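Novice: Have a peek at work.txt (compact mmCIF, C-alpha atoms).
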```
# COMPACT_ATOMS: atom_id res chain seq x y z
CA MET A 16 60.80 -116.96 278.54
CA LYS A 17 59.14 -120.21 277.47
CA LEU A 18 57.13 -120.19 274.24
CA LEU A 19 54.76 -122.88 273.00
CA VAL A 20 54.15 -122.91 269.24
CA LEU A 21 51.08 -124.51 267.68
CA PRO A 22 52.10 -124.62 263.99
CA PHE A 23 50.02 -124.76 260.85
CA GLY A 24 52.28 -127.36 259.21
CA ASP A 25 55.53 -129.27 259.60
CA ALA A 26 59.05 -128.39 258.45
CA ALA A 27 58.07 -128.91 254.81
CA CYS A 28 55.34 -126.25 255.06
CA ALA A 29 56.73 -122.96 253.73
CA SER A 30 54.46 -120.86 255.93
CA THR A 31 55.55 -122.61 259.13
CA HIS A 32 59.21 -122.61 258.10
CA TYR A 33 59.45 -118.93 257.22
CA ARG A 34 57.22 -117.61 260.01
CA VAL A 35 58.53 -119.75 262.88
CA LEU A 36 61.04 -122.54 262.35
CA GLN A 37 63.83 -120.50 260.76
CA TYR A 38 63.92 -118.32 263.89
CA LEU A 39 64.16 -121.11 266.50
CA ASP A 40 67.95 -121.06 266.87
CA MET A 41 67.97 -117.26 267.10
CA LEU A 42 65.23 -117.31 269.75
CA ARG A 43 66.99 -119.96 271.82
CA LYS A 44 70.28 -118.09 271.68
CA ASP A 45 68.39 -115.04 272.95
CA GLY A 46 67.06 -116.94 275.95
CA ILE A 47 63.60 -117.79 274.60
CA GLU A 48 62.90 -121.51 274.94
CA CYS A 49 60.59 -122.81 272.21
CA ASP A 50 58.58 -126.01 272.04
CA VAL A 51 56.84 -126.75 268.74
CA LEU A 52 53.96 -129.24 268.82
CA ALA A 53 52.92 -131.42 265.90
CA PRO A 54 50.54 -129.68 263.46
CA GLY A 55 46.95 -129.67 264.67
CA LYS A 56 47.79 -130.97 268.15
CA MET A 57 46.09 -129.21 271.03
CA PRO A 58 48.05 -129.13 274.32
CA ARG A 59 46.54 -130.14 277.63
CA PRO A 60 45.67 -127.31 280.06
CA ALA A 61 48.42 -128.41 282.42
CA GLU A 62 50.97 -128.09 279.61
CA ILE A 63 49.87 -124.56 278.68
CA ALA A 64 50.30 -123.36 282.25
CA GLY A 65 54.04 -123.97 282.05
CA TYR A 66 54.57 -121.42 279.26
CA ASP A 67 54.84 -117.66 279.28
CA ALA A 68 53.16 -117.39 275.85
CA VAL A 69 51.41 -119.52 273.26
CA LEU A 70 51.78 -118.76 269.55
CA VAL A 71 49.13 -120.09 267.17
CA GLN A 72 50.67 -120.04 263.70
CA LYS A 73 47.83 -119.60 261.17
CA LYS A 74 45.85 -122.62 262.36
CA LEU A 75 42.15 -121.83 262.79
CA PHE A 76 41.11 -123.89 265.79
CA SER A 77 37.47 -124.21 266.79
CA CYS A 78 35.95 -121.46 268.91
CA ARG A 79 35.81 -123.82 271.89
CA GLN A 80 39.51 -124.65 271.52
CA VAL A 81 40.36 -120.95 271.27
CA ARG A 82 38.39 -120.22 274.47
CA ASN A 83 40.35 -122.96 276.23
CA LEU A 84 43.65 -121.59 274.95
CA LYS A 85 42.71 -118.08 276.08
CA SER A 86 41.68 -119.20 279.54
CA GLN A 87 44.89 -121.16 280.13
CA SER A 88 47.47 -118.95 278.39
CA LYS A 89 49.36 -116.20 280.17
CA ARG A 90 49.68 -114.54 276.76
CA LEU A 91 48.12 -115.67 273.48
CA LEU A 92 49.60 -114.72 270.11
CA PHE A 93 48.33 -115.38 266.58
CA ASP A 94 50.48 -115.32 263.44
CA ILE A 95 49.08 -115.30 259.90
CA ASP A 96 50.66 -114.73 256.48
CA ASP A 97 47.74 -115.51 254.13
CA ALA A 98 44.24 -114.19 253.53
CA THR A 99 42.81 -117.52 254.67
CA TRP A 100 39.27 -116.14 254.86
CA HIS A 101 39.23 -116.20 251.04
CA PRO A 102 39.05 -119.47 249.06
CA HIS A 103 42.26 -120.73 247.47
CA GLY A 104 41.84 -122.69 244.27
CA ARG A 105 38.17 -123.56 244.66
CA LYS A 106 35.04 -121.86 245.94
CA HIS A 107 34.01 -122.18 249.58
CA SER A 108 30.55 -123.41 250.46
CA TRP A 109 28.46 -121.09 252.62
CA TRP A 110 29.19 -123.41 255.56
CA THR A 111 32.96 -123.23 255.01
CA ARG A 112 32.81 -119.44 254.68
CA TRP A 113 30.79 -119.11 257.87
CA ARG A 114 33.01 -121.48 259.86
CA THR A 115 36.26 -119.94 258.58
CA ASN A 116 35.16 -116.38 259.36
CA ARG A 117 33.84 -117.37 262.78
CA ARG A 118 37.06 -119.16 263.70
CA LEU A 119 39.22 -116.32 262.40
CA GLN A 120 37.27 -113.74 264.38
CA SER A 121 37.48 -115.94 267.47
CA ILE A 122 41.30 -116.23 267.49
CA VAL A 123 41.83 -112.61 266.41
CA ARG A 124 39.70 -111.27 269.27
CA ALA A 125 41.15 -113.70 271.80
CA ALA A 126 44.79 -113.04 270.91
CA ASP A 127 46.67 -110.40 272.85
CA LEU A 128 48.53 -109.70 269.61
CA SER A 129 48.24 -110.81 265.99
CA LEU A 130 51.41 -110.82 263.88
CA VAL A 131 50.64 -110.41 260.18
CA ALA A 132 52.80 -110.55 257.06
CA ASN A 133 51.53 -107.34 255.48
CA GLN A 134 49.21 -104.38 255.88
CA TYR A 135 46.52 -105.95 253.67
CA ILE A 136 45.99 -108.71 256.26
CA ALA A 137 46.32 -106.25 259.14
CA SER A 138 43.50 -104.10 257.76
CA HIS A 139 41.12 -107.06 257.66
CA LEU A 140 42.02 -108.29 261.14
CA ASN A 141 41.67 -104.79 262.57
CA VAL A 142 38.08 -104.68 261.32
CA LEU A 143 37.49 -107.93 263.21
CA GLY A 144 38.70 -106.28 266.41
CA GLY A 145 42.27 -107.52 266.40
CA ASN A 146 45.40 -105.93 267.82
CA THR A 147 47.84 -106.31 264.92
CA ARG A 148 51.50 -105.69 264.14
CA VAL A 149 53.10 -106.22 260.75
CA LEU A 150 55.96 -108.72 260.84
CA PRO A 151 57.23 -109.02 257.24
CA MET A 152 58.38 -112.25 255.64
CA ALA A 153 62.15 -112.77 255.73
CA LEU A 154 65.01 -114.98 254.58
CA LYS A 155 68.34 -115.87 256.14
CA ALA A 156 70.96 -113.69 254.44
CA GLU A 157 73.65 -116.32 255.03
CA ASP A 158 71.72 -118.67 252.73
CA TRP A 159 71.85 -116.01 249.99
CA PRO A 160 75.41 -114.62 249.88
CA PRO A 161 75.87 -111.85 247.29
CA SER A 162 77.65 -112.99 244.14
CA GLU A 163 78.65 -111.52 240.82
CA ARG A 164 76.52 -112.75 237.94
CA ALA A 165 78.62 -113.83 234.97
CA GLU A 166 77.83 -112.10 231.69
CA SER A 167 77.88 -114.79 229.03
CA GLY A 168 75.78 -113.05 226.42
CA ARG A 169 72.73 -115.04 227.46
CA ILE A 170 69.91 -113.45 229.47
CA ARG A 171 68.03 -115.93 231.62
CA LEU A 172 64.42 -115.32 232.60
CA GLY A 173 63.74 -117.44 235.65
CA TRP A 174 60.72 -118.77 237.48
CA SER A 175 60.86 -120.69 240.77
CA GLY A 176 57.84 -122.21 242.43
CA ALA A 177 55.72 -125.18 243.39
CA PRO A 178 54.07 -127.40 240.74
CA VAL A 179 50.60 -126.20 241.80
CA ASN A 180 51.57 -122.67 240.71
CA LEU A 181 52.92 -123.59 237.27
CA ARG A 182 49.63 -122.53 235.71
CA TYR A 183 50.50 -118.89 236.37
CA LEU A 184 53.74 -119.25 234.42
CA GLU A 185 51.92 -121.17 231.70
CA ALA A 186 49.52 -118.23 231.29
CA LEU A 187 52.54 -116.10 230.33
CA GLU A 188 53.61 -118.46 227.55
CA PRO A 189 52.49 -116.27 224.60
CA VAL A 190 54.46 -113.30 225.96
CA LEU A 191 57.51 -115.40 226.77
CA ALA A 192 57.48 -117.05 223.34
CA GLN A 193 57.28 -113.64 221.66
CA ILE A 194 60.10 -112.24 223.79
CA MET A 195 62.41 -115.16 223.00
CA SER A 196 61.59 -114.84 219.32
CA GLU A 197 62.42 -111.13 219.33
CA HIS A 198 65.54 -111.56 221.49
CA PRO A 199 67.46 -114.74 220.59
CA GLN A 200 69.85 -114.23 223.52
CA VAL A 201 67.01 -114.79 226.00
CA GLU A 202 66.34 -118.19 227.58
CA LEU A 203 63.80 -119.37 230.13
CA ALA A 204 64.66 -121.49 233.18
CA VAL A 205 62.12 -123.15 235.49
CA PHE A 206 63.09 -124.39 238.97
CA CYS A 207 60.28 -126.69 240.00
CA GLY A 208 59.35 -130.24 240.90
CA SER A 209 57.39 -130.50 237.63
CA GLN A 210 57.73 -129.07 234.15
CA PRO A 211 55.36 -126.49 232.66
CA ALA A 212 52.77 -127.81 230.19
CA PHE A 213 53.22 -125.17 227.51
CA LYS A 214 50.78 -125.38 224.62
CA THR A 215 53.47 -124.87 221.97
CA THR A 216 57.15 -125.78 221.69
CA THR A 217 58.29 -122.81 223.77
CA PRO A 218 61.84 -123.77 224.83
CA PHE A 219 62.82 -123.81 228.49
CA ILE A 220 65.51 -125.22 230.76
CA HIS A 221 64.14 -127.37 233.55
CA LEU A 222 66.04 -127.14 236.84
CA PRO A 223 64.65 -130.03 238.93
CA TRP A 224 63.58 -129.00 242.41
CA ARG A 225 65.70 -130.15 245.35
CA GLN A 226 65.52 -129.25 249.02
CA GLY A 227 67.66 -126.18 249.68
CA GLY A 228 68.40 -125.70 245.99
CA GLU A 229 66.70 -122.32 245.62
CA PRO A 230 69.81 -120.12 246.09
CA ASP A 231 71.85 -121.87 243.40
CA ALA A 232 68.94 -121.97 240.96
CA VAL A 233 67.73 -118.40 241.47
CA LYS A 234 71.24 -116.94 241.34
CA SER A 235 71.54 -118.31 237.79
CA PHE A 236 68.64 -116.02 236.73
CA HIS A 237 69.10 -112.52 235.33
CA ILE A 238 65.41 -111.55 235.64
CA GLY A 239 62.87 -113.07 238.04
CA LEU A 240 59.32 -113.76 236.91
CA LEU A 241 56.50 -113.57 239.47
CA PRO A 242 53.13 -113.92 237.74
CA LEU A 243 50.42 -114.15 240.40
CA PRO A 244 46.72 -114.99 240.28
CA THR A 245 44.36 -112.06 240.54
CA ASP A 246 42.00 -113.64 243.07
CA ALA A 247 41.15 -112.29 246.52
CA PHE A 248 43.27 -114.89 248.35
CA SER A 249 46.44 -113.84 246.53
CA GLN A 250 45.95 -110.20 247.48
CA GLY A 251 47.17 -111.15 250.95
CA LYS A 252 50.28 -113.01 249.79
CA SER A 253 53.73 -111.63 250.56
CA PRO A 254 55.48 -113.80 247.97
CA ILE A 255 58.56 -115.49 249.38
CA LYS A 256 59.77 -115.94 245.79
CA ALA A 257 59.97 -112.16 245.42
CA LEU A 258 62.26 -112.06 248.46
CA GLN A 259 64.39 -114.84 246.97
CA TYR A 260 64.79 -112.88 243.73
CA MET A 261 65.63 -109.76 245.73
CA ALA A 262 68.17 -111.65 247.86
CA ALA A 263 69.78 -112.99 244.68
CA GLY A 264 70.18 -109.41 243.45
CA ILE A 265 68.04 -109.66 240.34
CA PRO A 266 65.22 -107.43 239.07
CA THR A 267 61.75 -108.91 239.36
CA ILE A 268 58.62 -108.43 237.31
CA SER A 269 55.47 -109.24 239.25
CA THR A 270 51.70 -109.06 239.03
CA PRO A 271 50.63 -106.03 241.13
CA GLN A 272 48.84 -107.76 244.00
CA ALA A 273 48.41 -105.94 247.32
CA GLY A 274 50.89 -108.00 249.35
CA ALA A 275 53.51 -107.84 246.58
CA LEU A 276 53.08 -104.08 246.21
CA GLU A 277 54.16 -103.64 249.84
CA LEU A 278 57.43 -105.54 249.39
CA PRO A 279 59.82 -103.18 247.59
CA GLY A 280 60.16 -100.70 250.44
CA ASN A 281 59.61 -97.88 247.91
CA SER A 282 62.95 -98.70 246.25
CA GLY A 283 61.53 -99.51 242.83
CA CYS A 284 63.43 -102.81 242.70
CA LEU A 285 60.26 -104.67 241.69
CA LEU A 286 58.56 -103.89 238.42
CA PHE A 287 54.88 -104.59 237.93
CA ALA A 288 52.89 -105.83 234.95
CA LYS A 289 49.26 -106.87 234.74
CA THR A 290 48.35 -107.24 231.06
CA PRO A 291 50.28 -109.16 228.37
CA ASP A 292 51.27 -105.83 226.80
CA GLU A 293 52.64 -104.61 230.13
CA TRP A 294 54.59 -107.83 230.63
CA HIS A 295 56.04 -107.50 227.13
CA ALA A 296 56.99 -103.85 227.65
CA GLN A 297 58.67 -104.46 231.03
CA LEU A 298 60.59 -107.48 229.76
CA THR A 299 61.71 -105.66 226.62
CA GLU A 300 62.94 -102.66 228.60
CA ILE A 301 64.95 -104.67 231.06
CA ILE A 302 66.35 -107.09 228.47
CA CYS A 303 67.58 -104.27 226.23
CA HIS A 304 69.26 -102.24 228.98
CA SER A 305 71.96 -104.14 230.87
CA ASP A 306 72.80 -101.11 233.02
CA LYS A 307 69.22 -100.96 234.24
CA ARG A 308 69.25 -104.69 235.03
CA LYS A 309 72.38 -104.26 237.11
CA GLU A 310 71.07 -101.14 238.87
CA LEU A 311 67.75 -102.79 239.75
CA GLY A 312 69.59 -105.89 240.94
CA LEU A 313 71.77 -103.85 243.29
CA GLN A 314 68.67 -102.03 244.59
CA ALA A 315 66.95 -105.37 245.14
CA ARG A 316 69.79 -106.78 247.24
CA SER A 317 70.15 -103.55 249.20
CA THR A 318 66.41 -103.52 249.96
CA PHE A 319 66.55 -107.16 251.05
CA ASP A 320 69.45 -106.49 253.43
CA ARG A 321 67.74 -103.43 254.94
CA HIS A 322 64.20 -104.78 255.24
CA TYR A 323 63.78 -108.52 254.72
CA SER A 324 66.68 -110.47 256.22
CA THR A 325 66.04 -112.48 259.39
CA THR A 326 68.75 -110.38 261.06
CA HIS A 327 66.58 -107.31 260.53
CA ILE A 328 63.23 -108.94 261.33
CA PHE A 329 64.29 -111.00 264.37
CA PRO A 330 64.42 -108.07 266.85
CA LEU A 331 60.85 -107.19 265.88
CA LEU A 332 59.72 -110.78 266.43
CA ARG A 333 61.52 -111.03 269.76
CA ASN A 334 60.01 -107.78 271.05
CA HIS A 335 56.52 -108.83 270.01
CA LEU A 336 56.91 -112.19 271.74
CA LEU A 337 58.15 -110.51 274.90
CA GLY A 338 55.41 -107.89 274.81
CA ALA A 339 57.97 -105.06 274.59
```
Can you give me the file's structure in the form of structure tokens?

Specialist:
Amino acid sequence: MKLLVLPFGDAACASTHYRVLQYLDMLRKDGIECDVLAPGKMPRPAEIAGYDAVLVQKKLFSCRQVRNLKSQSKRLLFDIDDATWHPHGRKHSWWTRWRTNRRLQSIVRAADLSLVANQYIASHLNVLGGNTRVLPMALKAEDWPPSERAESGRIRLGWSGAPVNLRYLEALEPVLAQIMSEHPQVELAVFCGSQPAFKTTTPFIHLPWRQGGEPDAVKSFHIGLLPLPTDAFSQGKSPIKALQYMAAGIPTISTPQAGALELPGNSGCLLFAKTPDEWHAQLTEIICHSDKRKELGLQARSTFDRHYSTTHIFPLLRNHLLGA
């Protein structure tokens, strides 16, 4: 089989990396040849004819471009891991809303199959007339080997993320400051390309971001923090950071957004908190009970291995690509 991929971004784009690029070697070893074009590039009709399938990864091409892809493709696939029909960070104008929804409906109806990261996205695309299958986010287990976490008497709360998302951690500052005041053995570590702009002198350890440094940084945490925005866009997120915390074998406390609620696989390895009081209660419980931390950490790793490793997800991806 020959597959042509039209990606949303390049290798530095998390969405493109985790939905497509990390599987390329596995696909090629399984006999599926993959060509990945530059982001935004539209292939010529003659090029499309040489492929058994075309995969559009999240990019919302114009309706005319989608019609051309449909007419030339033997099989057209669409992959999406975000609720892109909702604004992210700033409001959409009526024109942007109209164009986004029109383009989304166009590719969803044209695609023979839409692969989505969670059921929240699937439900929306089904209303638009799509044929959807849930393909969860995943990580390579070999990048996250299990390891024993040393007990030094310190308990490290950890946050890992991009600078643009620091504001969600900063919103937790009053709770974190209170927790560290009540429990002197607790420290906060932040793995990021920038440092949080806390309003007070809340202490933290800055772990400077580096490419591929997530496993080492996250495995130094005892508890993972995943505060999320409560906007409509974030409802469709399947947070890759939650999977990283799970792969590292640590309990995670998260905002209860729809995509995040689907992640635990009913194992209870993620804890949820919405209000400051709930965050304080969950942190206090897990800080004060080391046995519970260890138990939740083991559940997290077990859930990751059974549901969210690329080894588990790859057969699903392969079968969807082949139309099996």

Novice: Can you tell me which residues surround stretch 313-323 of chain A at a distance of at most 6 Å, considering only C-alpha atoms, apart from same-chain residues fewer than 4 positions away, and format the answer as a list in words?

Specialist: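 Neighbouring residues, sequence-local ones excluded: Ala153, Met261, Ala262, Gly264 and Cys284 of chain A.
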
Novice: Skip A:Gly65 itself and residues of its chain fewer than 3 positions away, then list as a PyMOL selection string all residues within 8 Å of it, counting only C-alpha atoms.

Specialist: chain A and resi 17+61-62

Novice: Quick one: residues within 8 Å of stretch 98-112 of chain A, all atoms listed in the file, excluding same-chain residues fewer than 6 positions away - as a list in words?

Specialist: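 The filter keeps Leu119, Ile136, Ala247, Phe248, Ser249, Gln250, Gly251 and Lys252 of chain A.
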
Novice: Residues of stretch 145-200 of chain A that have any atom at most 8 Å from an atom of stretch 228-236 of chain A: could you tabulate them with the shortest-distance atom pair and the distance in Å to one decimal, using all atoms listed in the file, ordered by chain and increasing number, as a Markdown table?

Specialist:
```
| residue | atom | partner | partner_atom | distance |
| --- | --- | --- | --- | --- |
| A:Asp158 | CA | A:Pro230 | CA | 7.1 |
| A:Trp159 | CA | A:Pro230 | CA | 6.0 |
| A:Arg164 | CA | A:Ser235 | CA | 7.5 |
| A:Ile170 | CA | A:Phe236 | CA | 7.8 |
| A:Arg171 | CA | A:Phe236 | CA | 5.1 |
| A:Leu172 | CA | A:Phe236 | CA | 5.9 |
| A:Gly173 | CA | A:Phe236 | CA | 5.2 |
| A:Ser175 | CA | A:Val233 | CA | 7.3 |
```

Novice: Pick out the closest residue to A:Leu92 from this set: A:Ala156, A:Ser138, A:Lys214, A:Pro22. Count all atoms listed in the file.

Specialist: A:Pro22

Novice: Quick one, how far is atom CA of A:Glu188 from atom CA of A:Thr215?

Specialist: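 We find that atom CA of A:Glu188 and atom CA of A:Thr215 lie 8.5 Å from each other.
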
Novice: From the options A:Val190, A:Ile265, A:Ala132, A:Ala137, which residue's atoms come nearest to A:Pro151, counting only C-alpha atoms?

Specialist: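 Of the candidates, the smallest distance to A:Pro151 is held by A:Ala132.
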
Novice: Which polymer residues have any atom within 9 Å of an atom of A:Lys74, counting only C-alpha atoms, with same-chain residues fewer than 3 positions away left out, as a list in words?

Specialist: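 Residues meeting the cut-off are Leu21, Pro22, Phe23, Gly24, Pro54, Gly55, Val71, Phe93, Asp94 and Ile95 of chain A.
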
Novice: Can you write just those residues out, C-alpha atoms, as a short mmCIF file (atom, residue, chain, number, x, y, z; two decimals), in the frame of the given file?

Specialist:
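Dumped everything to selection-v7.cif:
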```cif
data_model
loop_
_atom_site.label_atom_id
_atom_site.label_comp_id
_atom_site.auth_asym_id
_atom_site.auth_seq_id
_atom_site.Cartn_x
_atom_site.Cartn_y
_atom_site.Cartn_z
CA LEU A 21 51.08 -124.51 267.68
CA PRO A 22 52.10 -124.62 263.99
CA PHE A 23 50.02 -124.76 260.85
CA GLY A 24 52.28 -127.36 259.21
CA PRO A 54 50.54 -129.68 263.46
CA GLY A 55 46.95 -129.67 264.67
CA VAL A 71 49.13 -120.09 267.17
CA PHE A 93 48.33 -115.38 266.58
CA ASP A 94 50.48 -115.32 263.44
CA ILE A 95 49.08 -115.30 259.90
#
```

Novice: Got a sec: who's within 8 Å of A:Ala64, counting only C-alpha atoms, leaving out chain neighbours fewer than 5 positions off, as a list in words?

Specialist: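 Counting only C-alpha atoms, the residues come to Gln87, Ser88 and Lys89 of chain A.
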
Novice: Measuring between all atoms listed in the file, which one of A:Leu241, A:Leu140, A:Ala125, A:Leu150 shows the shortest distance to A:Arg333?

Specialist: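 Smallest distance to A:Arg333 is found for A:Leu150.
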
Novice: What does the distance between atom CA of A:Val51 and atom CA of A:Lys73 come to in Å, to one decimal place?

Specialist: 13.8 Å

Novice: Can you tell me how far atom CA of A:Asp25 sits from atom CA of A:Gly46, in Å to one decimal?

Specialist: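 Between atom CA of A:Asp25 and atom CA of A:Gly46 the gap works out to 23.5 Å.
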
Novice: Measuring atom to atom with all atoms listed in the file, identify which of A:Ser86, A:Thr31, A:Gln297, A:Ser269 is nearest to A:Leu52.

Specialist: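 Among the listed residues, the smallest separation from A:Leu52 belongs to A:Thr31.
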